[in-house]
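Structure first, then comments.
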Amino acid sequence: MKEKSIELLNKAIADELTAVHQYMYFHFHCDDQGYDLLAGLFRKTAIEEMMHIEMLAERALFLGGEVEMVASDEVKKTHDVKEMLDLATQMEESSANDYNKWANECSKNNDSASKKLFESLVDDEERHFDQYDDEMNNMKKFGDNYLALQSIERSKNISSGTTAE
């Protein structure tokens with residue numbers, strides 16, 4: 001029974017590693033293009049995904065398993081913000097769906113602690129989805145002006161000596 005939980009925990013670690021790599025890639029490119037708000041959002045999400053990896057790894061070790069630190073997919077390379085947000089929403093939705101299923105599977109195997117962990121991750125992934133979905137809606141509503149405003153904001157901050165975080 002615990003073997004199944006360890007397998008699911010390692011699948012989640014692989015997905016989270018992929019997310020960290022992907023979001024940091026997006027962070028670097030948004031930052032390079034002057035889109036501070038989006039760069040910050042991708043960076044913040046990547047850090048949260050790293051914390052997920054830590055929780056998942058701790059649980060796998062507690063169950064006596066090995067921690068497999070292999071990403072599930074390669075980084076998808078794009079510099080287009082709309083494509084970044086599309087991919088981010090797909091990734092978060094997929095993770096939330098998987099974690100819901102895996103929570104139920106852990107429950108069937110009498111592993112309530114792993115079930116609770118997956119349920120808490122669902123909450124985080126749904127929040128991430130909502131954040132990226134909001135950004136997608138801003139892009140639809142304001143078009144390229146939305147990105148231009150972020151670049152202008154960066155220029156204002158640089159000229160005034162303030163930096164965005």
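Residue numbers start at 1 in each chain; chains themselves are named A, B, ... in the order of the structure tokens; ligands are numbered from 1 in the order shown.
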Exercise. Quick one: everything within 9 Å of Leu41 of chain A, counting only C-alpha atoms, minus sequence neighbours fewer than 4 positions away in the same chain. Send it as a PyMOL selection string.
Key: chain A and resi 23+27+36-37+45-46+131-132
Write the residues of the preceding selection, restricted to N, CA and C atoms, as a PDB file, in the first residue's frame.
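The new file result17.pdb reads:
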```pdb
ATOM      1  N   TYR A  23       8.600  27.497 -15.024  1.00  0.00           N
ATOM      2  CA  TYR A  23       8.270  28.828 -14.507  1.00  0.00           C
ATOM      3  C   TYR A  23       9.517  29.704 -14.361  1.00  0.00           C
ATOM      4  N   HIS A  27      10.050  33.163 -16.060  1.00  0.00           N
ATOM      5  CA  HIS A  27      10.490  34.299 -15.244  1.00  0.00           C
ATOM      6  C   HIS A  27      11.655  35.023 -15.916  1.00  0.00           C
ATOM      7  N   ASP A  36       7.789  43.011 -15.432  1.00  0.00           N
ATOM      8  CA  ASP A  36       8.111  42.729 -14.036  1.00  0.00           C
ATOM      9  C   ASP A  36       7.006  42.000 -13.286  1.00  0.00           C
ATOM     10  N   LEU A  37       5.745  42.402 -13.493  1.00  0.00           N
ATOM     11  CA  LEU A  37       4.658  41.754 -12.757  1.00  0.00           C
ATOM     12  C   LEU A  37       4.571  40.275 -13.102  1.00  0.00           C
ATOM     13  N   THR A  45       5.675  31.598  -8.104  1.00  0.00           N
ATOM     14  CA  THR A  45       5.058  30.283  -8.274  1.00  0.00           C
ATOM     15  C   THR A  45       6.125  29.193  -8.286  1.00  0.00           C
ATOM     16  N   ALA A  46       7.252  29.448  -8.938  1.00  0.00           N
ATOM     17  CA  ALA A  46       8.337  28.463  -8.965  1.00  0.00           C
ATOM     18  C   ALA A  46       8.819  28.154  -7.550  1.00  0.00           C
ATOM     19  N   GLN A 131      -4.576  32.596 -10.714  1.00  0.00           N
ATOM     20  CA  GLN A 131      -3.687  33.734 -10.953  1.00  0.00           C
ATOM     21  C   GLN A 131      -3.327  33.835 -12.435  1.00  0.00           C
ATOM     22  N   TYR A 132      -2.988  32.715 -13.044  1.00  0.00           N
ATOM     23  CA  TYR A 132      -2.631  32.735 -14.469  1.00  0.00           C
ATOM     24  C   TYR A 132      -3.850  33.015 -15.336  1.00  0.00           C
TER      25      TYR A 132
END
```
Quiz prompt | Test item: residues at most 9 Å from Leu117 of chain A, only C-alpha atoms, excluding those fewer than 3 positions along its chain, as a PyMOL selection string | solution = chain A and resi 55-56+59+103+112-114+120-122
Could you write those residues out with C-alpha atoms, as a PDB file, in the first residue's frame?
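That gives us again.pdb:
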```pdb
ATOM      1  CA  MET A  55       6.837  18.357   1.305  1.00  0.00           C
ATOM      2  CA  LEU A  56       6.391  15.509  -1.188  1.00  0.00           C
ATOM      3  CA  ARG A  59       6.527  12.270   2.874  1.00  0.00           C
ATOM      4  CA  ALA A 103      -5.601  11.950  -2.959  1.00  0.00           C
ATOM      5  CA  SER A 112      -4.638   9.659   5.073  1.00  0.00           C
ATOM      6  CA  ALA A 113      -1.486  11.778   5.532  1.00  0.00           C
ATOM      7  CA  SER A 114      -0.557  11.532   1.838  1.00  0.00           C
ATOM      8  CA  SER A 120      -3.479  20.796   0.184  1.00  0.00           C
ATOM      9  CA  LEU A 121      -1.546  20.810  -3.098  1.00  0.00           C
ATOM     10  CA  VAL A 122      -4.846  20.921  -5.017  1.00  0.00           C
TER      11      VAL A 122
END
```
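Ranking A:Lys108, A:Lys116, A:Lys77, A:His128 by their shortest atom-to-atom distance to Glu93 of chain A, with only C-alpha atoms included, puts A:His128 first.
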Quiz prompt | Polymer residues at most 10 Å from Cys30 of chain A, only C-alpha atoms, same-chain spacing of 2 or more positions, as a ChimeraX atom specification | solution = /A:24-28,32-42,79-81,84,147
Quiz item: What lies within 9 Å of Leu63 of chain A using only C-alpha atoms, ignoring chain neighbours under 6 positions off, as a ChimeraX atom specification?
Solution: /A:2-3,5-6
